[in-house]
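A.B. asks: What follows is final_5.cif, made up of mmCIF, C-alpha atoms:
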data_my_file
#
loop_
_atom_site.label_atom_id
_atom_site.label_comp_id
_atom_site.auth_asym_id
_atom_site.auth_seq_id
_atom_site.Cartn_x
_atom_site.Cartn_y
_atom_site.Cartn_z
CA MET A 99 124.52 116.41 109.02
CA LYS A 100 125.11 120.11 109.64
CA LYS A 101 122.22 121.28 107.50
CA PRO A 102 119.40 118.80 107.90
CA TRP A 103 116.98 121.08 106.09
CA ILE A 104 118.93 120.52 102.87
CA ALA A 105 118.38 116.79 103.21
CA GLY A 106 114.71 117.46 103.93
CA ILE A 107 114.28 119.51 100.77
CA ALA A 108 116.13 116.89 98.76
CA LEU A 109 113.84 114.20 100.14
CA VAL A 110 110.69 116.15 99.25
CA LEU A 111 112.01 116.84 95.75
CA ALA A 112 112.84 113.17 95.33
CA MET A 113 109.30 112.25 96.34
CA LEU A 114 107.55 114.80 94.17
CA GLY A 115 109.94 115.27 91.29
CA GLY A 116 108.78 112.32 89.24
CA CYS A 117 105.03 112.82 89.30
CA ALA A 118 103.05 112.05 86.18
CA SER A 119 102.14 114.91 83.91
CA GLY A 120 98.92 115.07 81.99
CA PRO A 121 95.35 116.32 82.27
CA LYS A 122 93.30 115.33 85.28
CA PHE A 123 91.53 112.09 84.56
CA GLU A 124 88.17 113.51 85.65
CA THR A 125 88.47 116.21 83.00
CA VAL A 126 89.20 113.84 80.11
CA GLU A 127 87.33 110.67 81.02
CA ALA A 128 84.15 111.71 79.23
CA GLY A 129 86.12 112.18 76.03
CA LEU A 130 87.82 108.80 76.07
CA ALA A 131 86.78 106.25 73.51
CA THR A 132 84.21 103.77 74.72
CA ALA A 133 85.55 100.26 75.09
CA PRO A 134 84.40 97.97 72.26
CA ALA A 135 81.62 95.67 73.45
CA ASN A 136 83.72 92.58 72.91
CA MET A 137 86.66 93.88 74.93
CA ALA A 138 87.51 94.36 78.59
CA ARG A 139 88.94 97.65 79.80
CA ILE A 140 91.70 97.51 82.37
CA TYR A 141 92.76 100.62 84.23
CA PHE A 142 96.13 100.96 85.92
CA TYR A 143 96.71 103.72 88.43
CA ARG A 144 99.15 104.83 91.09
CA SER A 145 97.59 107.19 93.61
CA THR A 146 100.62 108.38 95.54
CA ALA A 147 103.91 110.19 95.01
CA LEU A 148 105.62 108.01 97.59
CA GLY A 149 108.72 106.45 96.09
CA ALA A 150 108.40 108.64 93.02
CA ALA A 151 111.86 107.78 91.79
CA ILE A 152 110.73 104.18 91.28
CA GLN A 153 108.67 104.00 88.08
CA PRO A 154 108.79 100.45 86.75
CA ASP A 155 107.21 99.25 83.54
CA VAL A 156 103.81 97.63 83.86
CA SER A 157 103.35 94.43 81.86
CA LEU A 158 100.07 92.78 81.00
CA ASN A 159 100.26 89.20 79.74
CA GLY A 160 103.93 89.64 78.93
CA ALA A 161 103.67 92.93 77.04
CA ILE A 162 104.64 96.30 78.46
CA VAL A 163 101.54 98.50 78.51
CA GLY A 164 102.76 101.50 80.47
CA LYS A 165 104.75 102.83 83.34
CA ALA A 166 103.82 103.13 87.02
CA GLU A 167 104.03 106.91 87.15
CA PRO A 168 103.19 108.54 90.49
CA ASN A 169 99.69 110.01 90.56
CA GLY A 170 99.05 108.72 87.06
CA ILE A 171 96.41 106.58 85.36
CA PHE A 172 96.07 104.87 82.00
CA TYR A 173 94.05 102.04 80.54
CA VAL A 174 94.17 99.36 77.88
CA ASP A 175 91.42 97.40 76.13
CA ARG A 176 92.00 93.69 75.80
CA SER A 177 90.16 90.61 74.61
CA PRO A 178 88.43 88.92 77.54
CA GLY A 179 90.17 86.14 79.38
CA ASN A 180 93.04 85.63 81.77
CA MET A 181 95.16 88.60 82.79
CA GLU A 182 98.57 88.62 84.43
CA VAL A 183 100.08 91.88 85.63
CA VAL A 184 103.75 92.26 86.56
CA THR A 185 105.67 95.34 87.58
CA GLY A 186 109.38 95.31 87.04
CA SER A 187 110.35 96.26 90.55
CA GLU A 188 112.67 94.91 93.20
CA VAL A 189 110.58 91.85 94.01
CA GLU A 190 108.23 90.70 91.31
CA LYS A 191 104.78 90.15 92.70
CA LYS A 192 102.37 89.30 89.97
CA LEU A 193 98.61 89.70 89.97
CA THR A 194 96.29 87.37 88.10
CA PHE A 195 92.60 87.94 87.41
CA ILE A 196 89.95 87.36 84.79
CA ALA A 197 88.14 89.97 82.72
CA ALA A 198 84.94 89.49 80.75
CA ALA A 199 83.77 91.35 77.68
CA GLY A 200 82.36 94.73 78.65
CA GLU A 201 83.89 94.53 82.11
CA LYS A 202 86.04 97.24 83.68
CA ARG A 203 88.82 96.13 86.02
CA TYR A 204 91.01 98.37 88.11
CA VAL A 205 94.61 97.63 89.05
CA LYS A 206 96.06 99.82 91.75
CA LEU A 207 99.83 100.10 91.63
CA ALA A 208 100.41 100.28 95.35
CA VAL A 209 103.71 101.31 96.89
CA GLY A 210 105.40 99.07 99.42
CA PHE A 211 108.78 99.28 101.04
CA GLY A 212 111.31 96.65 100.05
CA VAL A 213 114.75 95.93 101.41
CA LEU A 214 116.26 99.27 100.53
CA VAL A 215 113.90 100.86 98.06
CA TYR A 216 110.20 101.20 97.41
CA ARG A 217 108.52 98.58 95.29
CA ILE A 218 105.36 98.68 93.24
CA ILE A 219 102.76 96.00 93.92
CA PRO A 220 99.76 95.48 91.63
CA GLU A 221 96.46 95.08 93.49
CA LEU A 222 93.03 94.36 92.06
CA VAL A 223 90.51 96.81 93.50
CA SER A 224 86.80 97.32 93.07
CA GLU A 225 85.38 100.07 90.88
CA GLU A 226 83.91 101.67 93.99
CA GLU A 227 87.32 101.89 95.65
CA ALA A 228 89.08 103.03 92.49
CA ARG A 229 86.57 105.79 91.83
CA LYS A 230 87.48 107.41 95.13
CA GLU A 231 91.08 107.81 94.00
CA ILE A 232 91.36 108.26 90.26
CA GLY A 233 89.52 111.50 89.51
CA GLY A 234 92.42 113.78 90.36
CA LEU A 235 95.17 111.64 88.84
CA ALA A 236 97.03 112.63 85.70
CA TYR A 237 95.90 110.76 82.62
CA THR A 238 99.03 109.40 81.00
CA GLY A 239 97.46 107.36 78.22
CA GLY A 240 96.93 108.24 74.58
CA ASN A 241 95.55 111.55 73.30
CA PRO A 242 91.99 111.84 74.54
CA ALA A 243 89.37 113.80 72.67
CA PRO A 244 88.36 117.00 74.47
CA PRO A 245 85.39 116.47 76.82
CA LYS A 246 82.01 117.36 75.31
CA MET B 275 124.99 101.76 114.06
CA SER B 276 127.93 99.46 113.38
CA THR B 277 128.50 98.05 109.94
CA PHE B 278 127.79 94.58 111.27
CA ARG B 279 124.40 95.59 112.70
CA LEU B 280 123.49 97.43 109.53
CA GLY B 281 124.32 94.34 107.49
CA ALA B 282 122.30 92.14 109.81
CA CYS B 283 119.31 94.46 109.47
CA ILE B 284 119.53 94.37 105.68
CA VAL B 285 119.69 90.56 105.64
CA ALA B 286 116.73 90.33 108.02
CA ALA B 287 114.73 92.77 105.91
CA ALA B 288 115.56 90.81 102.78
CA CYS B 289 114.28 87.63 104.39
CA LEU B 290 111.09 89.27 105.61
CA THR B 291 110.16 91.06 102.40
CA GLY B 292 111.06 88.56 99.73
CA CYS B 293 110.06 85.17 101.07
CA ALA B 294 106.26 84.95 101.00
CA SER B 295 105.27 81.38 100.22
CA GLU B 296 103.34 80.54 97.09
CA VAL B 297 99.64 79.76 97.39
CA VAL B 298 99.35 75.98 97.60
CA ARG B 299 97.17 74.71 94.78
CA SER B 300 96.32 71.71 92.68
CA PRO B 301 94.71 71.48 89.24
CA ALA B 302 90.91 71.55 89.29
CA SER B 303 88.34 70.75 86.64
CA PHE B 304 85.77 73.54 86.59
CA THR B 305 82.21 73.04 85.36
CA PRO B 306 80.47 76.38 84.64
CA ALA B 307 77.01 76.95 86.13
CA ALA B 308 74.21 76.34 83.69
CA GLY B 309 71.71 79.00 82.68
CA ALA B 310 71.86 82.75 82.29
CA THR B 311 70.55 83.49 85.76
CA ARG B 312 73.05 82.63 88.44
CA ALA B 313 72.19 81.98 92.05
CA GLN B 314 73.53 84.44 94.60
CA ILE B 315 74.31 84.13 98.27
CA GLU B 316 74.90 86.86 100.84
CA VAL B 317 77.22 86.55 103.82
CA ALA B 318 75.24 87.41 106.96
CA GLU B 319 78.14 87.63 109.41
CA GLU B 320 81.70 88.63 108.76
CA ALA B 321 83.99 85.62 108.45
CA THR B 322 87.77 85.42 108.48
CA VAL B 323 89.40 82.68 106.48
CA GLN B 324 93.01 81.58 106.36
CA SER B 325 94.53 80.48 103.09
CA SER B 326 97.24 77.88 102.60
CA SER B 327 99.88 80.60 102.40
CA GLY B 328 99.01 81.79 105.90
CA TYR B 329 97.41 85.05 104.78
CA THR B 330 93.94 85.76 106.07
CA ARG B 331 91.04 87.24 104.17
CA VAL B 332 87.81 88.70 105.48
CA LEU B 333 84.45 87.99 103.92
CA PRO B 334 82.46 91.05 104.96
CA ALA B 335 78.88 90.88 106.14
CA GLY B 336 76.69 91.89 103.23
CA SER B 337 79.11 90.65 100.59
CA LEU B 338 77.31 89.10 97.63
CA TRP B 339 78.60 86.07 95.79
CA GLU B 340 77.38 84.62 92.51
CA LEU B 341 77.50 80.95 91.64
CA ARG B 342 79.91 80.52 88.75
CA GLY B 343 80.32 76.78 88.66
CA SER B 344 81.59 73.79 90.53
CA ILE B 345 84.73 71.77 91.10
CA ALA B 346 85.19 68.45 92.87
CA GLN B 347 85.61 70.19 96.23
CA GLY B 348 82.35 72.18 96.07
CA MET B 349 80.46 75.07 94.50
CA ALA B 350 82.47 78.08 93.35
CA TYR B 351 81.17 81.63 93.92
CA ARG B 352 82.60 84.90 92.60
CA ARG B 353 82.21 88.11 94.58
CA VAL B 354 79.71 90.44 92.93
CA ASN B 355 79.91 93.65 94.98
CA GLY B 356 83.65 93.82 95.41
CA ILE B 357 86.94 92.08 94.78
CA PHE B 358 88.26 88.89 96.29
CA THR B 359 91.85 87.75 96.00
CA VAL B 360 94.16 85.34 97.79
CA GLU B 361 97.78 86.16 98.35
CA GLY B 362 101.05 84.37 98.77
CA ALA B 363 104.14 85.09 96.75
CA HIS B 364 101.68 86.49 94.20
CA VAL B 365 98.09 87.74 94.24
CA HIS B 366 95.33 85.79 92.53
CA GLU B 367 91.69 86.59 91.96
CA ALA B 368 89.73 83.78 93.58
CA PHE B 369 86.26 82.30 93.89
CA ILE B 370 85.27 80.89 97.26
CA VAL B 371 84.45 77.19 97.30
CA ILE B 372 81.61 76.09 99.54
CA SER B 373 80.67 72.57 100.50
CA SER B 374 77.95 71.65 103.03
CA GLY B 375 77.74 75.23 104.28
CA ARG B 376 81.46 75.52 104.89
CA LEU B 377 84.02 77.52 102.98
CA VAL B 378 86.64 74.88 102.25
CA GLY B 379 88.98 76.66 99.86
CA PHE B 380 89.36 78.78 96.76
CA TYR B 381 89.18 78.31 93.04
CA LEU B 382 91.74 80.32 91.10
CA PRO B 383 90.17 80.88 87.66
CA VAL B 384 93.34 81.98 85.88
CA GLU B 385 95.40 79.11 87.23
CA GLN B 386 92.43 76.70 86.98
CA ALA B 387 93.42 75.37 90.35
CA TYR B 388 92.03 74.69 93.81
CA SER B 389 93.67 76.05 96.93
CA PRO B 390 92.55 74.68 100.30
CA ALA B 391 91.72 76.89 103.28
CA VAL B 392 91.15 76.26 106.94
CA PRO B 393 87.41 75.41 106.74
CA VAL B 394 85.00 78.03 108.06
CA VAL B 395 81.26 77.76 108.57
CA LEU B 396 79.57 80.61 106.72
CA LYS B 397 76.42 82.21 108.02
CA LEU B 398 74.37 83.15 105.00
CA LYS B 399 71.19 85.16 104.62
#
Could the structure of this file be written out as structure tokens, please?

C.D. replies:
Amino acid sequence: MKKPWIAGIALVLAMLGGCASGPKFETVEAGLATAPANMARIYFYRSTALGAAIQPDVSLNGAIVGKAEPNGIFYVDRSPGNMEVVTGSEVEKKLTFIAAAGEKRYVKLAVGFGVLVYRIIPELVSEEEARKEIGGLAYTGGNPAPPK
Amino acid sequence: MSTFRLGACIVAAACLTGCASEVVRSPASFTPAAGATRAQIEVAEEATVQSSSGYTRVLPAGSLWELRGSIAQGMAYRRVNGIFTVEGAHVHEAFIVISSGRLVGFYLPVEQAYSPAVPVVLKLK
């Protein structure tokens, strides 16, 4: 290519162009509704802009609960029991885990490289690991109350 | 790169990325541990265990495991201070199954199934 810098700029734009928009999670978390005592809270987050053009739906137990937006986080509250997470990407790799009432579980939507495109792989991570990554992510869930 | 080589690379990549084998498992009858207080064990030395799918997992030194119940193959413990999963074509949260001081396999609570591992002697505190 005669002008490789054009390709470079295009690549950067492709990586960054699709980032999630929303308030930083650390600024809204305190204002989020507390999970009901009889429910489990499941967070989904994607901590990188790598492969930003790929933003598959995220399904929990067969229902779409959100989208794997780059640098984004959201959560759902569900009755305790068995959980199955699937992302609609190139190769479906599902994640299964259990969640008890009052428990918080964290699903990292990791980015892997498939045959020709990136793919999104759900990984169960500990709260300790998740906390290191989620503070600066954009909250893409419902309208949170302003922090007190 | 010739078209032929490019095609060969794509086929090879497709084989390598999409063909992980499923975790071998069989149905297991799980009996929950009795009582509100559950016994805990702590791994004293790091141990590496290989699952039926060929993936390896590390049980770190200092990892804490809580007795959650039993199956025919042994006692099933869930990690307390972290996450433990086994992986094949998919990823499953798993309890380790211990019998006579050896980790012999995994209990998959969602699938209600047992998956054997290459047995490993665990050094516990």

A.B. asks: In Å, rounded to a single decimal, give me how far CA of Ile357 in chain B is from CA of Ser224 in chain A.

C.D. replies: 5.5 Å

A.B. asks: What do you get, as number ranges by chain, if you spell out every residue that the PyMOL selection byres ((chain B and resi 358-373) around 8) selects here?

C.D. replies: A: 191-196, 221-222; B: 293-297, 325, 327-329, 331, 347-353, 356-357, 374-384

A.B. asks: Just say which residues the PyMOL selection byres ((chain A) within 10 of (chain B)) picks in this file, as a PyMOL selection string.

C.D. replies: chain A and resi 179-184+188-196+203+210-214+219-227

A.B. asks: Go ahead and dump the residues you just picked, C-alpha atoms, as a PDB file, in the frame of the given file.

C.D. replies:
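Below you can see part-v1.pdb, which holds the result:
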ATOM      1  CA  GLY A 179      90.170  86.140  79.380  1.00  0.00           C
ATOM      2  CA  ASN A 180      93.040  85.630  81.770  1.00  0.00           C
ATOM      3  CA  MET A 181      95.160  88.600  82.790  1.00  0.00           C
ATOM      4  CA  GLU A 182      98.570  88.620  84.430  1.00  0.00           C
ATOM      5  CA  VAL A 183     100.080  91.880  85.630  1.00  0.00           C
ATOM      6  CA  VAL A 184     103.750  92.260  86.560  1.00  0.00           C
ATOM      7  CA  GLU A 188     112.670  94.910  93.200  1.00  0.00           C
ATOM      8  CA  VAL A 189     110.580  91.850  94.010  1.00  0.00           C
ATOM      9  CA  GLU A 190     108.230  90.700  91.310  1.00  0.00           C
ATOM     10  CA  LYS A 191     104.780  90.150  92.700  1.00  0.00           C
ATOM     11  CA  LYS A 192     102.370  89.300  89.970  1.00  0.00           C
ATOM     12  CA  LEU A 193      98.610  89.700  89.970  1.00  0.00           C
ATOM     13  CA  THR A 194      96.290  87.370  88.100  1.00  0.00           C
ATOM     14  CA  PHE A 195      92.600  87.940  87.410  1.00  0.00           C
ATOM     15  CA  ILE A 196      89.950  87.360  84.790  1.00  0.00           C
ATOM     16  CA  ARG A 203      88.820  96.130  86.020  1.00  0.00           C
ATOM     17  CA  GLY A 210     105.400  99.070  99.420  1.00  0.00           C
ATOM     18  CA  PHE A 211     108.780  99.280 101.040  1.00  0.00           C
ATOM     19  CA  GLY A 212     111.310  96.650 100.050  1.00  0.00           C
ATOM     20  CA  VAL A 213     114.750  95.930 101.410  1.00  0.00           C
ATOM     21  CA  LEU A 214     116.260  99.270 100.530  1.00  0.00           C
ATOM     22  CA  ILE A 219     102.760  96.000  93.920  1.00  0.00           C
ATOM     23  CA  PRO A 220      99.760  95.480  91.630  1.00  0.00           C
ATOM     24  CA  GLU A 221      96.460  95.080  93.490  1.00  0.00           C
ATOM     25  CA  LEU A 222      93.030  94.360  92.060  1.00  0.00           C
ATOM     26  CA  VAL A 223      90.510  96.810  93.500  1.00  0.00           C
ATOM     27  CA  SER A 224      86.800  97.320  93.070  1.00  0.00           C
ATOM     28  CA  GLU A 225      85.380 100.070  90.880  1.00  0.00           C
ATOM     29  CA  GLU A 226      83.910 101.670  93.990  1.00  0.00           C
ATOM     30  CA  GLU A 227      87.320 101.890  95.650  1.00  0.00           C
TER      31      GLU A 227
END

A.B. asks: To box range 341-350 of chain B, take all atoms listed in the file, fit an axis-aligned box, add 4 Å on each side, and give centre and edge lengths in Å to one decimal, as lines of an AutoDock Vina configuration file.

C.D. replies:
center_x = 81.6
center_y = 74.7
center_z = 92.4
size_x = 16.1
size_y = 20.5
size_z = 15.6

A.B. asks: Using only C-alpha atoms for the distances, tell me which of B:Pro393, B:Ala335, B:Ser344, B:Tyr388 is nearest to Val317 in chain B.

C.D. replies: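 Of the candidates, the smallest distance to Val317 in chain B is held by B:Ala335.
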
A.B. asks: How many Å lie between CA of Ser119 in chain A and CA of Gly164 in chain A, rounded to one decimal?

C.D. replies: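 Going from CA of Ser119 in chain A over to CA of Gly164 in chain A covers 13.9 Å.
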
A.B. asks: Residues picked by the PyMOL selection byres ((chain A and resi 202) around 6) here, as a PyMOL selection string?

C.D. replies: chain A and resi 139-140+201+203

A.B. asks: Rebuild N, CA and C atoms on range 295-325 of chain B, as a short mmCIF file (atom, residue, chain, number, x, y, z; two decimals), keeping the file's coordinate frame?

C.D. replies:
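Contents of the output file out00.cif:
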data_model
loop_
_atom_site.label_atom_id
_atom_site.label_comp_id
_atom_site.auth_asym_id
_atom_site.auth_seq_id
_atom_site.Cartn_x
_atom_site.Cartn_y
_atom_site.Cartn_z
N SER B 295 105.40 82.68 100.87
CA SER B 295 105.27 81.38 100.22
C SER B 295 104.17 81.44 99.16
N GLU B 296 104.32 80.61 98.18
CA GLU B 296 103.34 80.54 97.09
C GLU B 296 102.04 79.94 97.61
N VAL B 297 100.93 80.34 97.03
CA VAL B 297 99.64 79.76 97.39
C VAL B 297 99.64 78.29 96.95
N VAL B 298 99.38 77.42 97.91
CA VAL B 298 99.35 75.98 97.60
C VAL B 298 98.12 75.70 96.72
N ARG B 299 98.31 74.98 95.66
CA ARG B 299 97.17 74.71 94.78
C ARG B 299 97.39 73.44 93.99
N SER B 300 96.27 72.90 93.52
CA SER B 300 96.32 71.71 92.68
C SER B 300 95.33 71.91 91.54
N PRO B 301 95.60 71.30 90.39
CA PRO B 301 94.71 71.48 89.24
C PRO B 301 93.27 71.08 89.58
N ALA B 302 92.32 71.84 89.03
CA ALA B 302 90.91 71.55 89.29
C ALA B 302 90.13 71.65 87.98
N SER B 303 89.20 70.73 87.82
CA SER B 303 88.34 70.75 86.64
C SER B 303 87.07 71.52 86.97
N PHE B 304 86.86 72.62 86.28
CA PHE B 304 85.77 73.54 86.59
C PHE B 304 84.61 73.32 85.62
N THR B 305 83.42 73.17 86.18
CA THR B 305 82.21 73.04 85.36
C THR B 305 81.37 74.30 85.54
N PRO B 306 81.22 75.12 84.49
CA PRO B 306 80.47 76.38 84.64
C PRO B 306 79.01 76.11 85.02
N ALA B 307 78.42 77.06 85.77
CA ALA B 307 77.01 76.95 86.13
C ALA B 307 76.15 77.08 84.89
N ALA B 308 75.10 76.31 84.85
CA ALA B 308 74.21 76.34 83.69
C ALA B 308 73.21 77.49 83.83
N GLY B 309 72.75 77.97 82.67
CA GLY B 309 71.71 79.00 82.68
C GLY B 309 72.25 80.41 82.77
N ALA B 310 71.44 81.35 82.30
CA ALA B 310 71.86 82.75 82.29
C ALA B 310 71.73 83.39 83.66
N THR B 311 70.74 82.94 84.43
CA THR B 311 70.55 83.49 85.76
C THR B 311 71.33 82.67 86.77
N ARG B 312 72.19 83.34 87.49
CA ARG B 312 73.05 82.63 88.44
C ARG B 312 72.60 82.91 89.86
N ALA B 313 72.60 81.85 90.65
CA ALA B 313 72.19 81.98 92.05
C ALA B 313 73.19 82.84 92.82
N GLN B 314 72.66 83.61 93.77
CA GLN B 314 73.53 84.44 94.60
C GLN B 314 73.34 84.08 96.06
N ILE B 315 74.40 84.27 96.82
CA ILE B 315 74.31 84.13 98.27
C ILE B 315 74.85 85.40 98.91
N GLU B 316 74.42 85.67 100.13
CA GLU B 316 74.90 86.86 100.84
C GLU B 316 75.43 86.43 102.21
N VAL B 317 76.63 86.87 102.53
CA VAL B 317 77.22 86.55 103.82
C VAL B 317 76.53 87.39 104.89
N ALA B 318 75.99 86.72 105.91
CA ALA B 318 75.24 87.41 106.96
C ALA B 318 76.15 87.95 108.06
N GLU B 319 77.20 87.21 108.36
CA GLU B 319 78.14 87.63 109.41
C GLU B 319 79.56 87.57 108.88
N GLU B 320 80.32 88.58 109.23
CA GLU B 320 81.70 88.63 108.76
C GLU B 320 82.45 87.33 109.13
N ALA B 321 83.22 86.85 108.20
CA ALA B 321 83.99 85.62 108.45
C ALA B 321 85.44 85.85 108.03
N THR B 322 86.35 85.34 108.82
CA THR B 322 87.77 85.42 108.48
C THR B 322 88.25 84.03 108.10
N VAL B 323 88.94 83.97 106.97
CA VAL B 323 89.40 82.68 106.48
C VAL B 323 90.91 82.74 106.24
N GLN B 324 91.56 81.64 106.54
CA GLN B 324 93.01 81.58 106.36
C GLN B 324 93.35 80.69 105.18
N SER B 325 94.15 81.25 104.27
CA SER B 325 94.53 80.48 103.09
C SER B 325 95.75 79.61 103.40
#
